[in-house]
Amino acid sequence: MKRCKWVNLKNPIYIKYHDEEWGNPVHDDKMLYELFILESFQAGLSWECVLNKREDFRKAFDNFDIDKIVNYDENKIQELLNNKNIIRNKLKIHASISNSKIFKAIQKEFKSFDNYIWSFTQNKIIKEKYTLRTTSPLSDKISSDLKKRGMKYSGSTIVYSYLQAIGIIYAHGDECDLKQ
């Protein structure tokens, strides 16, 4: 099978992610949350780096149980900072906790994060050709809204990558057998 040129064909985790997850519409709030937290840890790093640590993140972050994460205390933060299997950035760890509280507030306001995030496109998938573009007017708009709500590590580049991951933006390359 031919895949998007950005996929590292030597990394089975990356191949599986590309083939089975990336670009597929996600409507489950738990998965939307997990991917949001993981994307925030990507800032300044490659997605492949984060993806390779995904299982370790799941273990360290209580399987992305938002109700546990919003209550993390200094002891848990220290435990995360000492965990060599995840990205140990103090600012990102603190942001993941405060962003979780905002994520929950969005869920309450919109009845789900799914309703919130998909409302920006009226539940439509945006198909575009894959380019090396890292932002769009849509990611700018969502990023701006998230920042107004107090989210950190939610810049337009992170949001654009997130939108691709959750299938709002579908952008497999021309060379890819998965393109539609």
# chains A, B, ... in the order shown; residues from 1 in each chain; ligands from 1
>>> closest_atom_pairs(of="stretch 77-174 of chain A", to="stretch 27-51 of chain A", cutoff="6 Å", atoms="only C-alpha atoms", output="Markdown table")
| residue | atom | partner | partner_atom | distance |
| --- | --- | --- | --- | --- |
| A:Phe113 | CA | A:Asp29 | CA | 6.0 |
| A:Asp114 | CA | A:His27 | CA | 5.5 |
| A:Tyr153 | CA | A:Ser40 | CA | 5.3 |
>>> residues_around(residues="A:Gly167", least_positions_apart="4", cutoff="6 Å", atoms="only C-alpha atoms", output="ChimeraX atom specification")
/A:23-25
>>> atom_distance(atom1="atom CA of A:Gly155", atom2="atom CA of A:Asn63")
24.7 Å
>>> residues_around(residues="stretch 102-110 of chain A", least_positions_apart="6", cutoff="8 Å", atoms="only C-alpha atoms", output="compact mmCIF listing (two decimals) with C-alpha atoms, in the first residue's frame")
# COMPACT_ATOMS: atom_id res chain seq x y z
CA TYR A 33 -9.65 14.45 24.79
CA ILE A 66 -10.27 13.57 32.69
CA TYR A 116 -18.18 22.08 20.21
CA ARG A 149 -11.25 30.25 27.09
CA GLY A 150 -7.78 30.02 28.67
CA MET A 151 -6.30 27.02 26.84
>>> residues_around(residues="stretch 124-135 of chain A", least_positions_apart="4", cutoff="7 Å", atoms="only C-alpha atoms", output="list in words")
Ser139, Asp140, Ser156, Thr157, Tyr160, Gly167, Ile168, Ile169, Tyr170, Ala171, His172 and Gly173 of chain A
>>> select_by_dssp(residues="stretch 36-166 of chain A", states="helix (DSSP H, G or I)", output="ChimeraX atom specification")
/A:36-42,47-52,54-60,62-64,66-69,74-81,90-110,113-119,137-148,156-165
>>> residues_around(residues="A:Cys176", least_positions_apart="4", cutoff="9 Å", atoms="only C-alpha atoms", output="list in words")
Met1, Lys2, Arg3, Cys4, Lys5 and His172 of chain A
>>> atom_distance(atom1="atom CA of A:His94", atom2="atom CA of A:Asn75")
12.5 Å
>>> decode(residues="stretch 58-74 of chain A", atoms="N, CA and C atoms", output="tab-separated table (two decimals), in the first residue's frame")
chain	number	residue	atom	x	y	z
A	58	ARG	N	-0.63	7.08	28.25
A	58	ARG	CA	-1.88	6.51	28.77
A	58	ARG	C	-1.69	6.00	30.19
A	59	LYS	N	-0.58	5.32	30.43
A	59	LYS	CA	-0.31	4.80	31.78
A	59	LYS	C	-0.08	5.95	32.76
A	60	ALA	N	0.75	6.90	32.36
A	60	ALA	CA	1.11	8.00	33.26
A	60	ALA	C	-0.08	8.91	33.56
A	61	PHE	N	-0.97	9.09	32.59
A	61	PHE	CA	-2.11	9.99	32.73
A	61	PHE	C	-3.41	9.23	32.98
A	62	ASP	N	-3.32	8.13	33.75
A	62	ASP	CA	-4.51	7.40	34.19
A	62	ASP	C	-5.47	7.10	33.04
A	63	ASN	N	-4.92	6.61	31.94
A	63	ASN	CA	-5.71	6.27	30.76
A	63	ASN	C	-6.57	7.46	30.29
A	64	PHE	N	-6.02	8.64	30.44
A	64	PHE	CA	-6.68	9.89	30.05
A	64	PHE	C	-8.06	10.03	30.68
A	65	ASP	N	-8.14	9.70	31.95
A	65	ASP	CA	-9.37	9.89	32.71
A	65	ASP	C	-9.42	11.35	33.15
A	66	ILE	N	-10.22	12.12	32.46
A	66	ILE	CA	-10.27	13.57	32.69
A	66	ILE	C	-10.63	13.91	34.13
A	67	ASP	N	-11.49	13.11	34.74
A	67	ASP	CA	-11.90	13.39	36.12
A	67	ASP	C	-10.75	13.21	37.11
A	68	LYS	N	-9.81	12.34	36.79
A	68	LYS	CA	-8.62	12.21	37.63
A	68	LYS	C	-7.63	13.33	37.33
A	69	ILE	N	-7.44	13.62	36.05
A	69	ILE	CA	-6.42	14.59	35.65
A	69	ILE	C	-6.73	15.99	36.19
A	70	VAL	N	-7.99	16.40	36.20
A	70	VAL	CA	-8.31	17.75	36.71
A	70	VAL	C	-7.98	17.89	38.19
A	71	ASN	N	-7.80	16.77	38.87
A	71	ASN	CA	-7.48	16.80	40.30
A	71	ASN	C	-6.03	16.46	40.61
A	72	TYR	N	-5.17	16.43	39.60
A	72	TYR	CA	-3.76	16.15	39.86
A	72	TYR	C	-3.18	17.20	40.80
A	73	ASP	N	-2.42	16.71	41.78
A	73	ASP	CA	-1.79	17.60	42.75
A	73	ASP	C	-0.29	17.65	42.49
A	74	GLU	N	0.42	18.36	43.35
A	74	GLU	CA	1.87	18.51	43.16
A	74	GLU	C	2.61	17.17	43.20
